[in-house]
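A quick write-up on the structure given underneath.
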Amino acid sequence: MLNVPPPAFPAPRSQQRAAAAAGVAGGRSKVPLKPGRSLMDWIRLTKSGKDLAGLKGRLIEVTEDELAKHNKKEDCWICIRGLVYNVTPYMEYHPGGEDELMKAAGMDGTDLFDQVHRWVNYESMLKECLVGRIALKPIAVPKETSISEKKKQLNGMLPEKKLLGASAKDLTPSYDWFQTDGLITIVLYTKQKDMNTELVIADCQDKRLRGEIIMNDHSYVLEVDLDHAVEEDFVVNIAEKIGKVEIILKKKDNIHWKMLGQPLESHNTFIKCKNRGLFYRKCKLVSKTEVTHDTKLFRFLLPKSTHLQVPTGQHVYLKQIIAGTEVVKPYTPVLPFLPLDFQETSCHDGANIYLMIKIYSCGLFTQALDHLRIGDYISISNPEGNFKKSQVQALEDLFLLAAGTGFTPMVKVLNFVLTEVSSLRTAKLIFFNKTEDDILWRNQLEQLALRDERFEVQFVLSEPTKDWVGKQGRISSSLLSGFMKRSRKDSKVLICICGPTAFTEQGVQCLKDLGYSQEEMHAFTA
């Protein structure tokens with residue numbers, strides 16, 4: 001994934017990837033900001049004491065009619081999840097430009113926000129712009145939950161209102177639990193075959209247990225405040241063929257539990273992943289290694305109380321408090337190094353998350369990251385992304401087009417296909433950089449090309465020295481056509497592309513010009 005200076009409202013990759021693959025602009029394009037309009041400048045303004053909401057500290061109830069009146073650049077209110085914000089003062093600070101904000105001017109912009117900015121902590125970014133709550137329309141009072149329904153929920157059965165519908169009823173997960181003198185075992189029945197460790201995320205912080213099962217585009221969450229304390233580490237067992245997941249907790253005290261615990265807000269819910277809020281845990285920085293003159297490899301240690309393995313092609317979000325404001329940015333985990341022997345399945349390091357991050361001299365977020373000391377903590381979210389391993393099943397030719405730190409998603413993809421895809425004939429990486437000094441893991445890539453005859457790498461520089469004898473230039477149809485040769489006519493091919501937005505858009509257009517279909521492309525876009 002490309003590491004760019006953090007915008008306040010950046011588009012998530014899933015949205016931009018779909019747009020880029022369709023040949024349109026990758027989500028939101030940035031616009032040049034005026035001097036003094038950076039993210040740090042906005043944070044300073046929110047701390048200045050100025051009345052940004054324009055109501056002298058009052059909060060009001062806003063009707064839909066009132067909201068609709070504030071639909072101009074000089075007077076712009078937006079509603080997000082029932083809260084109304086006066087974003088007029090934020091207009092000049094928005095990296096996506098005024099026009100993007102104006103799409104939701106004077107209306108409920110929740111759906112638009114979720115498409116483009118879902119993971120951004122808008123409550124923190126816009127808290128000084130809060131006008132109040134949207135006035136609720138009168139609705140029929142729902143019937144009170146019956147005692148029998150409450151019992152069903154505590155026994156691992158979903159109440160009807162949380163089901164996807166009658167057709168999905170048989171697919172809805174459920175859970176049960178039992179205990180011995182020293183253990184609590186929670187059994188989740190996913191009713192899904194081919195369950196694996198990447199689809200199960202579990203955290204036990206203090207007495208709060210949260211388990212999440214990813215099932216295609218939905219997720220099931222079990223979340224309870226446990227009845228008694230448990231040890232920090234726990235065990236997760238997965239019966240892949242029948243889709244049964246066990247979470248085994250160790251009691252701190254060998255006493256009999258009368259109940260598992262009190263259900264929390266998200267407990268026993270089964271909803272679409274895009275509607276699920278991000279969950280974070282604190283991870284410790286244990287090492288920081290220089291990769292190039294401006295890029296470092298960070299190793300973060302997951303808590304003992306976390307079971308998490310980031311799937312191939314997916315990213316996580318890092319959250320930092322900068323000048324009192326939460327700032328979030330996505331990064332794609334890599335491996336600690338590029339394995340040179342793919343004869344056996346590589347052993348994944350489940351205890352650590354490795355992130356290769358470019359440090360920008362004027363980047364608010366990356367500068368704060370670089371100033372973290374060994375032993376410091378940072379919040380890291382659950383993984384997200386829409387790359388599926390099924391995309392490389394029966395694959396014969398893989399082409400990877402990367403620019404700069406757009407190389408990071410390619411690391412795990414390359415590792416997976418060389419290790420697991422027996423049909424693979426060729427895997428080729430075209431790696432675009434400015435100078436030789438910018439090339440990430442150059443020696444490892446060259447060693448891999450020597451060791452594995454299926455892999456080939458081509459470095460392309462846009463600002464080479466006179467001594468450079470390799471390819472030079474920028475991404476173009478002519479450059480790609482000379483390198484992207486199928487191993488046989490009509491072979492199954494996948495092309496992954498990642499880099500700055502302009503690079504990705506240009507690359508997708510070049511690939512279309514060369515006759516590749518949308519189904520043969522996957523764009524990771526920052």
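By order of appearance in the structure tokens: chains A, B, ..., then residues from 1 within every chain, and ligands from 1 in the order shown.
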Please identify which residues in region 348-513 of chain A DSSP calls alpha helix (DSSP H) from the backbone, and express them as a tab-separated table (two decimals) with all heavy atoms, in the first residue's frame.
chain	number	residue	atom	x	y	z
A	364	LEU	N	2.58	14.40	9.14
A	364	LEU	CA	2.20	14.46	10.55
A	364	LEU	C	2.16	13.07	11.18
A	364	LEU	O	2.72	12.83	12.24
A	364	LEU	CB	0.83	15.14	10.68
A	364	LEU	CG	0.26	15.32	12.08
A	364	LEU	CD1	1.11	16.29	12.87
A	364	LEU	CD2	-1.18	15.81	12.00
A	365	PHE	N	1.53	12.13	10.50
A	365	PHE	CA	1.34	10.80	11.06
A	365	PHE	C	2.65	10.01	11.09
A	365	PHE	O	3.00	9.40	12.10
A	365	PHE	CB	0.29	10.04	10.25
A	365	PHE	CG	-0.26	8.83	10.95
A	365	PHE	CD1	-1.38	8.92	11.74
A	365	PHE	CD2	0.34	7.59	10.81
A	365	PHE	CE1	-1.90	7.81	12.39
A	365	PHE	CE2	-0.16	6.47	11.45
A	365	PHE	CZ	-1.29	6.57	12.24
A	366	THR	N	3.37	9.99	9.96
A	366	THR	CA	4.59	9.18	9.91
A	366	THR	C	5.69	9.76	10.79
A	366	THR	O	6.52	9.01	11.32
A	366	THR	CB	5.09	9.02	8.47
A	366	THR	OG1	5.37	10.31	7.90
A	366	THR	CG2	4.07	8.30	7.61
A	367	GLN	N	5.73	11.07	10.96
A	367	GLN	CA	6.71	11.66	11.88
A	367	GLN	C	6.42	11.22	13.31
A	367	GLN	O	7.34	10.90	14.08
A	367	GLN	CB	6.68	13.19	11.78
A	367	GLN	CG	7.40	13.75	10.56
A	367	GLN	CD	8.90	13.48	10.58
A	367	GLN	OE1	9.56	13.61	11.61
A	367	GLN	NE2	9.44	13.08	9.44
A	368	ALA	N	5.14	11.19	13.67
A	368	ALA	CA	4.77	10.72	15.01
A	368	ALA	C	5.13	9.24	15.17
A	368	ALA	O	5.61	8.82	16.24
A	368	ALA	CB	3.28	10.94	15.25
A	369	LEU	N	4.93	8.45	14.12
A	369	LEU	CA	5.31	7.04	14.16
A	369	LEU	C	6.81	6.89	14.36
A	369	LEU	O	7.27	6.07	15.17
A	369	LEU	CB	4.92	6.36	12.84
A	369	LEU	CG	3.59	5.64	12.74
A	369	LEU	CD1	3.46	5.02	11.35
A	369	LEU	CD2	3.45	4.58	13.80
A	370	ASP	N	7.57	7.68	13.62
A	370	ASP	CA	9.03	7.57	13.68
A	370	ASP	C	9.57	7.97	15.05
A	370	ASP	O	10.66	7.55	15.44
A	370	ASP	CB	9.66	8.43	12.58
A	370	ASP	CG	11.12	8.08	12.32
A	370	ASP	OD1	11.46	6.88	12.48
A	370	ASP	OD2	11.89	8.98	11.98
A	408	THR	N	4.15	-2.97	-0.76
A	408	THR	CA	3.84	-3.72	0.46
A	408	THR	C	2.73	-4.77	0.31
A	408	THR	O	2.88	-5.88	0.83
A	408	THR	CB	3.50	-2.75	1.62
A	408	THR	OG1	2.44	-1.88	1.25
A	408	THR	CG2	4.71	-1.92	2.00
A	409	PRO	N	1.61	-4.52	-0.40
A	409	PRO	CA	0.62	-5.59	-0.53
A	409	PRO	C	1.13	-6.76	-1.36
A	409	PRO	O	0.61	-7.87	-1.26
A	409	PRO	CB	-0.57	-4.92	-1.22
A	409	PRO	CG	-0.25	-3.51	-1.39
A	409	PRO	CD	1.16	-3.28	-1.02
A	410	MET	N	2.14	-6.48	-2.21
A	410	MET	CA	2.64	-7.52	-3.11
A	410	MET	C	3.43	-8.59	-2.37
A	410	MET	O	3.55	-9.72	-2.85
A	410	MET	CB	3.52	-6.89	-4.20
A	410	MET	CG	2.92	-5.70	-4.91
A	410	MET	SD	1.29	-6.05	-5.62
A	410	MET	CE	0.91	-4.49	-6.41
A	411	VAL	N	3.97	-8.25	-1.20
A	411	VAL	CA	4.85	-9.18	-0.48
A	411	VAL	C	4.11	-10.46	-0.12
A	411	VAL	O	4.56	-11.57	-0.44
A	411	VAL	CB	5.43	-8.51	0.78
A	411	VAL	CG1	6.22	-9.51	1.60
A	411	VAL	CG2	6.31	-7.32	0.40
A	412	LYS	N	2.96	-10.33	0.54
A	412	LYS	CA	2.22	-11.52	0.95
A	412	LYS	C	1.56	-12.22	-0.23
A	412	LYS	O	1.42	-13.45	-0.24
A	412	LYS	CB	1.18	-11.16	2.00
A	412	LYS	CG	1.76	-10.94	3.40
A	412	LYS	CD	0.63	-10.86	4.42
A	412	LYS	CE	1.17	-10.82	5.83
A	412	LYS	NZ	0.08	-10.80	6.84
A	413	VAL	N	1.12	-11.44	-1.23
A	413	VAL	CA	0.53	-12.05	-2.42
A	413	VAL	C	1.57	-12.93	-3.12
A	413	VAL	O	1.29	-14.08	-3.48
A	413	VAL	CB	0.00	-10.97	-3.40
A	413	VAL	CG1	-0.45	-11.62	-4.70
A	413	VAL	CG2	-1.15	-10.20	-2.77
A	414	LEU	N	2.77	-12.40	-3.27
A	414	LEU	CA	3.86	-13.15	-3.92
A	414	LEU	C	4.20	-14.40	-3.11
A	414	LEU	O	4.36	-15.49	-3.67
A	414	LEU	CB	5.08	-12.25	-4.07
A	414	LEU	CG	6.30	-12.85	-4.79
A	414	LEU	CD1	5.94	-13.23	-6.22
A	414	LEU	CD2	7.46	-11.86	-4.78
A	415	ASN	N	4.31	-14.24	-1.81
A	415	ASN	CA	4.62	-15.37	-0.94
A	415	ASN	C	3.56	-16.46	-1.06
A	415	ASN	O	3.87	-17.65	-1.16
A	415	ASN	CB	4.72	-14.89	0.51
A	415	ASN	CG	4.97	-16.02	1.48
A	415	ASN	OD1	6.01	-16.68	1.44
A	415	ASN	ND2	4.01	-16.27	2.36
A	416	PHE	N	2.29	-16.05	-1.09
A	416	PHE	CA	1.20	-17.03	-1.14
A	416	PHE	C	1.20	-17.80	-2.46
A	416	PHE	O	1.09	-19.04	-2.46
A	416	PHE	CB	-0.14	-16.34	-0.93
A	416	PHE	CG	-1.30	-17.28	-0.99
A	416	PHE	CD1	-1.59	-18.11	0.08
A	416	PHE	CD2	-2.12	-17.36	-2.12
A	416	PHE	CE1	-2.66	-19.01	0.03
A	416	PHE	CE2	-3.17	-18.25	-2.18
A	416	PHE	CZ	-3.46	-19.07	-1.10
A	417	VAL	N	1.31	-17.11	-3.58
A	417	VAL	CA	1.20	-17.82	-4.87
A	417	VAL	C	2.40	-18.74	-5.10
A	417	VAL	O	2.25	-19.84	-5.64
A	417	VAL	CB	1.03	-16.84	-6.05
A	417	VAL	CG1	-0.27	-16.07	-5.93
A	417	VAL	CG2	2.20	-15.89	-6.18
A	418	LEU	N	3.60	-18.30	-4.70
A	418	LEU	CA	4.78	-19.14	-4.90
A	418	LEU	C	4.75	-20.36	-4.00
A	418	LEU	O	5.32	-21.40	-4.31
A	418	LEU	CB	6.06	-18.34	-4.66
A	418	LEU	CG	6.39	-17.27	-5.71
A	418	LEU	CD1	7.61	-16.47	-5.29
A	418	LEU	CD2	6.64	-17.90	-7.08
A	419	THR	N	4.06	-20.25	-2.87
A	419	THR	CA	3.99	-21.35	-1.91
A	419	THR	C	2.81	-22.27	-2.15
A	419	THR	O	2.95	-23.50	-2.08
A	419	THR	CB	3.89	-20.79	-0.47
A	419	THR	OG1	4.98	-19.90	-0.23
A	419	THR	CG2	3.94	-21.91	0.56
A	420	GLU	N	1.65	-21.70	-2.44
A	420	GLU	CA	0.40	-22.46	-2.40
A	420	GLU	C	-0.23	-22.76	-3.75
A	420	GLU	O	-1.06	-23.66	-3.85
A	420	GLU	CB	-0.63	-21.70	-1.55
A	420	GLU	CG	-0.17	-21.40	-0.13
A	420	GLU	CD	-0.16	-22.64	0.75
A	420	GLU	OE1	-0.70	-23.67	0.32
A	420	GLU	OE2	0.41	-22.58	1.85
A	442	ARG	N	15.71	-4.63	-2.49
A	442	ARG	CA	16.27	-4.95	-3.81
A	442	ARG	C	17.08	-6.25	-3.79
A	442	ARG	O	16.90	-7.12	-4.66
A	442	ARG	CB	17.16	-3.80	-4.29
A	442	ARG	CG	17.79	-4.07	-5.66
A	442	ARG	CD	18.65	-2.93	-6.14
A	442	ARG	NE	19.23	-3.20	-7.44
A	442	ARG	CZ	20.01	-2.37	-8.11
A	442	ARG	NH1	20.29	-1.16	-7.59
A	442	ARG	NH2	20.50	-2.70	-9.28
A	443	ASN	N	17.96	-6.38	-2.82
A	443	ASN	CA	18.80	-7.59	-2.76
A	443	ASN	C	17.96	-8.85	-2.59
A	443	ASN	O	18.24	-9.88	-3.22
A	443	ASN	CB	19.82	-7.47	-1.61
A	443	ASN	CG	20.89	-6.42	-1.90
A	443	ASN	OD1	21.14	-6.09	-3.06
A	443	ASN	ND2	21.52	-5.91	-0.86
A	444	GLN	N	16.93	-8.77	-1.74
A	444	GLN	CA	16.09	-9.94	-1.52
A	444	GLN	C	15.33	-10.32	-2.80
A	444	GLN	O	15.19	-11.51	-3.12
A	444	GLN	CB	15.10	-9.67	-0.39
A	444	GLN	CG	15.75	-9.51	0.98
A	444	GLN	CD	14.73	-9.47	2.09
A	444	GLN	OE1	13.81	-10.28	2.13
A	444	GLN	NE2	14.87	-8.51	2.99
A	445	LEU	N	14.85	-9.33	-3.53
A	445	LEU	CA	14.13	-9.61	-4.77
A	445	LEU	C	15.05	-10.22	-5.82
A	445	LEU	O	14.66	-11.16	-6.53
A	445	LEU	CB	13.51	-8.31	-5.30
A	445	LEU	CG	12.32	-7.77	-4.49
A	445	LEU	CD1	11.99	-6.34	-4.92
A	445	LEU	CD2	11.10	-8.67	-4.65
A	446	GLU	N	16.27	-9.70	-5.91
A	446	GLU	CA	17.22	-10.26	-6.88
A	446	GLU	C	17.63	-11.68	-6.49
A	446	GLU	O	17.79	-12.55	-7.36
A	446	GLU	CB	18.44	-9.35	-6.96
A	446	GLU	CG	18.13	-8.01	-7.63
A	446	GLU	CD	19.31	-7.05	-7.64
A	446	GLU	OE1	20.19	-7.17	-6.75
A	446	GLU	OE2	19.34	-6.17	-8.52
A	447	GLN	N	17.78	-11.94	-5.19
A	447	GLN	CA	18.10	-13.29	-4.73
A	447	GLN	C	16.96	-14.25	-5.03
A	447	GLN	O	17.18	-15.40	-5.46
A	447	GLN	CB	18.38	-13.28	-3.22
A	447	GLN	CG	19.73	-12.70	-2.85
A	447	GLN	CD	20.87	-13.56	-3.37
A	447	GLN	OE1	20.87	-14.79	-3.23
A	447	GLN	NE2	21.87	-12.91	-3.97
A	448	LEU	N	15.72	-13.79	-4.83
A	448	LEU	CA	14.57	-14.63	-5.11
A	448	LEU	C	14.50	-14.99	-6.59
A	448	LEU	O	14.20	-16.13	-6.95
A	448	LEU	CB	13.29	-13.92	-4.67
A	448	LEU	CG	11.97	-14.65	-4.96
A	448	LEU	CD1	11.94	-16.02	-4.31
A	448	LEU	CD2	10.78	-13.81	-4.50
A	449	ALA	N	14.79	-14.02	-7.46
A	449	ALA	CA	14.77	-14.28	-8.90
A	449	ALA	C	15.81	-15.32	-9.30
A	449	ALA	O	15.58	-16.10	-10.23
A	449	ALA	CB	15.00	-12.97	-9.66
A	450	LEU	N	16.93	-15.35	-8.60
A	450	LEU	CA	17.96	-16.35	-8.88
A	450	LEU	C	17.58	-17.72	-8.35
A	450	LEU	O	17.92	-18.74	-8.96
A	450	LEU	CB	19.29	-15.91	-8.24
A	450	LEU	CG	19.98	-14.68	-8.86
A	450	LEU	CD1	21.18	-14.28	-8.03
A	450	LEU	CD2	20.40	-14.96	-10.30
A	451	ARG	N	16.84	-17.73	-7.24
A	451	ARG	CA	16.52	-19.01	-6.59
A	451	ARG	C	15.29	-19.68	-7.18
A	451	ARG	O	15.19	-20.91	-7.16
A	451	ARG	CB	16.28	-18.76	-5.09
A	451	ARG	CG	17.51	-18.34	-4.30
A	451	ARG	CD	18.41	-19.51	-3.99
A	451	ARG	NE	17.78	-20.46	-3.09
A	451	ARG	CZ	17.85	-20.37	-1.76
A	451	ARG	NH1	18.50	-19.36	-1.19
A	451	ARG	NH2	17.26	-21.28	-1.00
A	477	SER	N	1.81	1.84	-21.71
A	477	SER	CA	1.40	0.61	-22.41
A	477	SER	C	2.59	-0.05	-23.09
A	477	SER	O	2.74	-1.28	-23.06
A	477	SER	CB	0.32	0.93	-23.45
A	477	SER	OG	-0.84	1.45	-22.82
A	478	SER	N	3.45	0.75	-23.69
A	478	SER	CA	4.59	0.18	-24.41
A	478	SER	C	5.56	-0.50	-23.45
A	478	SER	O	6.10	-1.57	-23.74
A	478	SER	CB	5.32	1.27	-25.20
A	478	SER	OG	5.76	2.31	-24.34
A	479	LEU	N	5.76	0.11	-22.27
A	479	LEU	CA	6.67	-0.49	-21.30
A	479	LEU	C	6.09	-1.81	-20.78
A	479	LEU	O	6.80	-2.82	-20.68
A	479	LEU	CB	6.92	0.48	-20.15
A	479	LEU	CG	8.01	0.11	-19.12
A	479	LEU	CD1	8.61	1.37	-18.52
A	479	LEU	CD2	7.46	-0.78	-18.02
A	480	LEU	N	4.81	-1.81	-20.47
A	480	LEU	CA	4.19	-3.01	-19.93
A	480	LEU	C	4.12	-4.14	-20.96
A	480	LEU	O	4.32	-5.30	-20.64
A	480	LEU	CB	2.78	-2.69	-19.42
A	480	LEU	CG	2.67	-1.72	-18.25
A	480	LEU	CD1	1.20	-1.51	-17.87
A	480	LEU	CD2	3.46	-2.21	-17.05
A	481	SER	N	3.84	-3.79	-22.20
A	481	SER	CA	3.67	-4.81	-23.23
A	481	SER	C	4.94	-5.61	-23.46
A	481	SER	O	4.89	-6.79	-23.81
A	481	SER	CB	3.21	-4.18	-24.55
A	481	SER	OG	4.22	-3.30	-25.05
A	482	GLY	N	6.08	-4.97	-23.24
A	482	GLY	CA	7.35	-5.67	-23.44
A	482	GLY	C	7.69	-6.64	-22.32
A	482	GLY	O	8.56	-7.51	-22.48
A	483	PHE	N	7.01	-6.51	-21.19
A	483	PHE	CA	7.35	-7.33	-20.03
A	483	PHE	C	6.26	-8.33	-19.68
A	483	PHE	O	6.53	-9.41	-19.17
A	483	PHE	CB	7.60	-6.41	-18.83
A	483	PHE	CG	8.19	-7.11	-17.64
A	483	PHE	CD1	9.49	-7.60	-17.67
A	483	PHE	CD2	7.45	-7.28	-16.48
A	483	PHE	CE1	10.03	-8.25	-16.56
A	483	PHE	CE2	7.98	-7.92	-15.38
A	483	PHE	CZ	9.28	-8.40	-15.42
A	501	THR	N	-2.28	7.35	-6.56
A	501	THR	CA	-3.54	7.30	-7.32
A	501	THR	C	-3.32	7.48	-8.82
A	501	THR	O	-3.87	6.74	-9.64
A	501	THR	CB	-4.51	8.38	-6.80
A	501	THR	OG1	-4.74	8.16	-5.40
A	501	THR	CG2	-5.84	8.33	-7.53
A	502	ALA	N	-2.49	8.46	-9.18
A	502	ALA	CA	-2.24	8.71	-10.61
A	502	ALA	C	-1.59	7.50	-11.27
A	502	ALA	O	-1.90	7.16	-12.42
A	502	ALA	CB	-1.37	9.96	-10.77
A	503	PHE	N	-0.65	6.86	-10.56
A	503	PHE	CA	0.01	5.66	-11.08
A	503	PHE	C	-1.00	4.55	-11.32
A	503	PHE	O	-1.01	3.91	-12.39
A	503	PHE	CB	1.08	5.21	-10.09
A	503	PHE	CG	1.69	3.87	-10.39
A	503	PHE	CD1	2.76	3.75	-11.27
A	503	PHE	CD2	1.19	2.71	-9.79
A	503	PHE	CE1	3.32	2.49	-11.54
A	503	PHE	CE2	1.74	1.47	-10.06
A	503	PHE	CZ	2.80	1.36	-10.95
A	504	THR	N	-1.87	4.33	-10.35
A	504	THR	CA	-2.85	3.25	-10.45
A	504	THR	C	-3.85	3.52	-11.59
A	504	THR	O	-4.16	2.62	-12.39
A	504	THR	CB	-3.60	3.08	-9.12
A	504	THR	OG1	-2.65	2.79	-8.09
A	504	THR	CG2	-4.61	1.96	-9.19
A	505	GLU	N	-4.33	4.75	-11.67
A	505	GLU	CA	-5.29	5.08	-12.73
A	505	GLU	C	-4.65	4.91	-14.10
A	505	GLU	O	-5.26	4.35	-15.02
A	505	GLU	CB	-5.79	6.51	-12.55
A	505	GLU	CG	-6.68	6.69	-11.32
A	505	GLU	CD	-7.08	8.14	-11.10
A	505	GLU	OE1	-6.60	9.00	-11.87
A	505	GLU	OE2	-7.84	8.41	-10.15
A	506	GLN	N	-3.42	5.41	-14.26
A	506	GLN	CA	-2.72	5.27	-15.53
A	506	GLN	C	-2.47	3.81	-15.86
A	506	GLN	O	-2.64	3.36	-16.99
A	506	GLN	CB	-1.39	6.04	-15.48
A	506	GLN	CG	-0.56	5.99	-16.77
A	506	GLN	CD	-1.25	6.69	-17.93
A	506	GLN	OE1	-2.00	7.64	-17.72
A	506	GLN	NE2	-0.99	6.22	-19.14
A	507	GLY	N	-2.07	3.04	-14.82
A	507	GLY	CA	-1.80	1.62	-15.02
A	507	GLY	C	-3.02	0.85	-15.45
A	507	GLY	O	-2.96	0.01	-16.37
A	508	VAL	N	-4.16	1.11	-14.81
A	508	VAL	CA	-5.39	0.43	-15.17
A	508	VAL	C	-5.78	0.74	-16.62
A	508	VAL	O	-6.19	-0.15	-17.38
A	508	VAL	CB	-6.53	0.82	-14.20
A	508	VAL	CG1	-7.88	0.36	-14.74
A	508	VAL	CG2	-6.28	0.24	-12.82
A	509	GLN	N	-5.62	2.00	-17.03
A	509	GLN	CA	-5.94	2.36	-18.40
A	509	GLN	C	-5.01	1.67	-19.39
A	509	GLN	O	-5.44	1.18	-20.44
A	509	GLN	CB	-5.86	3.88	-18.59
A	509	GLN	CG	-6.35	4.35	-19.95
A	509	GLN	CD	-7.76	3.91	-20.25
A	509	GLN	OE1	-8.69	4.17	-19.47
A	509	GLN	NE2	-7.96	3.23	-21.38
A	510	CYS	N	-3.73	1.59	-19.05
A	510	CYS	CA	-2.76	0.89	-19.92
A	510	CYS	C	-3.13	-0.58	-20.08
A	510	CYS	O	-3.06	-1.14	-21.19
A	510	CYS	CB	-1.35	1.00	-19.34
A	510	CYS	SG	-0.63	2.65	-19.41
A	511	LEU	N	-3.52	-1.20	-18.98
A	511	LEU	CA	-3.88	-2.61	-19.02
A	511	LEU	C	-5.12	-2.83	-19.89
A	511	LEU	O	-5.20	-3.81	-20.64
A	511	LEU	CB	-4.12	-3.13	-17.61
A	511	LEU	CG	-2.89	-3.15	-16.70
A	511	LEU	CD1	-3.29	-3.48	-15.27
A	511	LEU	CD2	-1.86	-4.16	-17.20
A	512	LYS	N	-6.08	-1.92	-19.80
A	512	LYS	CA	-7.26	-2.02	-20.66
A	512	LYS	C	-6.88	-1.87	-22.12
A	512	LYS	O	-7.39	-2.59	-22.99
A	512	LYS	CB	-8.29	-0.97	-20.25
A	512	LYS	CG	-8.99	-1.26	-18.94
A	512	LYS	CD	-10.09	-0.25	-18.66
A	512	LYS	CE	-10.87	-0.61	-17.42
A	512	LYS	NZ	-11.97	0.35	-17.15
A	513	ASP	N	-5.95	-0.93	-22.38
A	513	ASP	CA	-5.50	-0.72	-23.75
A	513	ASP	C	-4.80	-1.96	-24.30
A	513	ASP	O	-4.81	-2.20	-25.51
A	513	ASP	CB	-4.54	0.48	-23.82
A	513	ASP	CG	-5.26	1.81	-23.52
A	513	ASP	OD1	-6.50	1.84	-23.60
A	513	ASP	OD2	-4.56	2.79	-23.21
All residues 6 Å or closer to region 427-440 of chain A, only C-alpha atoms, same chain fewer than 2 positions away omitted, as a PyMOL selection string: chain A and resi 397-404+442+454-464
From the list A:Leu302, A:Val291, A:Leu209, A:Leu171, which residue is nearest Leu264 (chain A) when using only C-alpha atoms?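 Comparing A:Leu302, A:Val291, A:Leu209, A:Leu171 against Leu264 (chain A), the winner is A:Leu209.
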Picked from region 238-419 of chain A by DSSP as strand (DSSP E), as an NGL selection string: :A and (238-239 or 244-250 or 261-263 or 269-272 or 280-290 or 295-301 or 306-307 or 316-322 or 325-331 or 333-334 or 352-358 or 377-381 or 397-403)
For Ala239 (chain A): contacts at 9 Å, only C-alpha atoms, fewer than 3 positions along chain excluded, given as a PyMOL selection string: chain A and resi 194-196+242-246
Let me see the file: selected residues, N, CA, C and O atoms, as a CSV table (one decimal), in the first residue's frame.
chain,number,residue,atom,x,y,z
A,194,ASP,N,-14.8,-24.8,5.6
A,194,ASP,CA,-13.5,-24.1,5.2
A,194,ASP,C,-13.2,-22.9,6.1
A,194,ASP,O,-12.7,-21.9,5.7
A,195,MET,N,-13.6,-23.0,7.3
A,195,MET,CA,-13.3,-22.0,8.3
A,195,MET,C,-11.8,-22.1,8.6
A,195,MET,O,-11.2,-23.2,8.6
A,196,ASN,N,-11.1,-21.0,8.7
A,196,ASN,CA,-9.6,-21.0,9.0
A,196,ASN,C,-9.2,-19.9,10.0
A,196,ASN,O,-10.0,-19.0,10.3
A,242,ILE,N,-16.0,-28.5,9.6
A,242,ILE,CA,-17.4,-28.3,10.1
A,242,ILE,C,-17.7,-26.9,10.5
A,242,ILE,O,-18.8,-26.6,10.9
A,243,GLY,N,-16.6,-26.1,10.6
A,243,GLY,CA,-16.9,-24.7,10.9
A,243,GLY,C,-17.1,-24.4,12.4
A,243,GLY,O,-17.7,-23.4,12.7
A,244,LYS,N,-16.5,-25.2,13.2
A,244,LYS,CA,-16.7,-25.0,14.7
A,244,LYS,C,-15.5,-24.3,15.2
A,244,LYS,O,-14.3,-24.7,14.9
A,245,VAL,N,-15.7,-23.3,16.1
A,245,VAL,CA,-14.6,-22.6,16.7
A,245,VAL,C,-14.7,-22.6,18.2
A,245,VAL,O,-15.8,-22.4,18.7
A,246,GLU,N,-13.6,-23.0,18.8
A,246,GLU,CA,-13.5,-23.0,20.3
A,246,GLU,C,-12.6,-21.9,20.8
A,246,GLU,O,-11.5,-21.8,20.3
I'd like the neighbourhood of Leu101 (chain A) as an NGL selection string, where a residue qualifies if any of its atoms comes within 12 Å (using only C-alpha atoms), though same-chain residues fewer than 5 positions away should be ignored. :A and (9 or 28 or 71-73 or 75-79 or 85-96 or 106-109 or 112-113 or 116-117)
Can you work out the spacing between CA of Gln320 (chain A) and CA of Gly350 (chain A) in Å, to one decimal? 23.1 Å
Compile the contact shell of Arg133 (chain A) as a ChimeraX atom specification: residues with an atom at most 12 Å away, counting only C-alpha atoms, same-chain residues fewer than 3 positions apart removed. /A:58-64,66-67,77-86,108,130,136
Please list as a list in words every residue within 9 Å of Glu198 (chain A), counting only C-alpha atoms and excluding residues in the same chain fewer than 2 positions away. Met195, Asn196, Val200, Ile201, Ile214, Leu308, Gln309, Val310 and Pro311 of chain A
May I have the selected residues written with N, CA and C atoms, as a short mmCIF file (atom, residue, chain, number, x, y, z; two decimals), in the first residue's frame?
data_model
loop_
_atom_site.label_atom_id
_atom_site.label_comp_id
_atom_site.auth_asym_id
_atom_site.auth_seq_id
_atom_site.Cartn_x
_atom_site.Cartn_y
_atom_site.Cartn_z
N MET A 195 -13.63 -23.01 7.35
CA MET A 195 -13.26 -21.99 8.33
C MET A 195 -11.75 -22.10 8.58
N ASN A 196 -11.06 -20.96 8.70
CA ASN A 196 -9.63 -21.01 8.98
C ASN A 196 -9.23 -19.91 9.95
N VAL A 200 -10.92 -15.81 12.12
CA VAL A 200 -11.27 -15.75 13.53
C VAL A 200 -10.40 -14.72 14.24
N ILE A 201 -11.02 -13.75 14.88
CA ILE A 201 -10.31 -12.72 15.64
C ILE A 201 -10.86 -12.73 17.06
N ILE A 214 -15.40 -13.94 10.60
CA ILE A 214 -15.66 -13.35 9.28
C ILE A 214 -16.24 -14.42 8.37
N LEU A 308 -5.05 -12.99 16.22
CA LEU A 308 -5.26 -12.22 14.99
C LEU A 308 -4.19 -12.56 13.97
N GLN A 309 -4.63 -12.90 12.78
CA GLN A 309 -3.70 -13.10 11.67
C GLN A 309 -4.25 -12.33 10.46
N VAL A 310 -3.48 -11.37 9.97
CA VAL A 310 -3.96 -10.51 8.87
C VAL A 310 -3.92 -11.30 7.56
N PRO A 311 -5.05 -11.45 6.89
CA PRO A 311 -5.08 -12.21 5.63
C PRO A 311 -4.27 -11.53 4.53
#
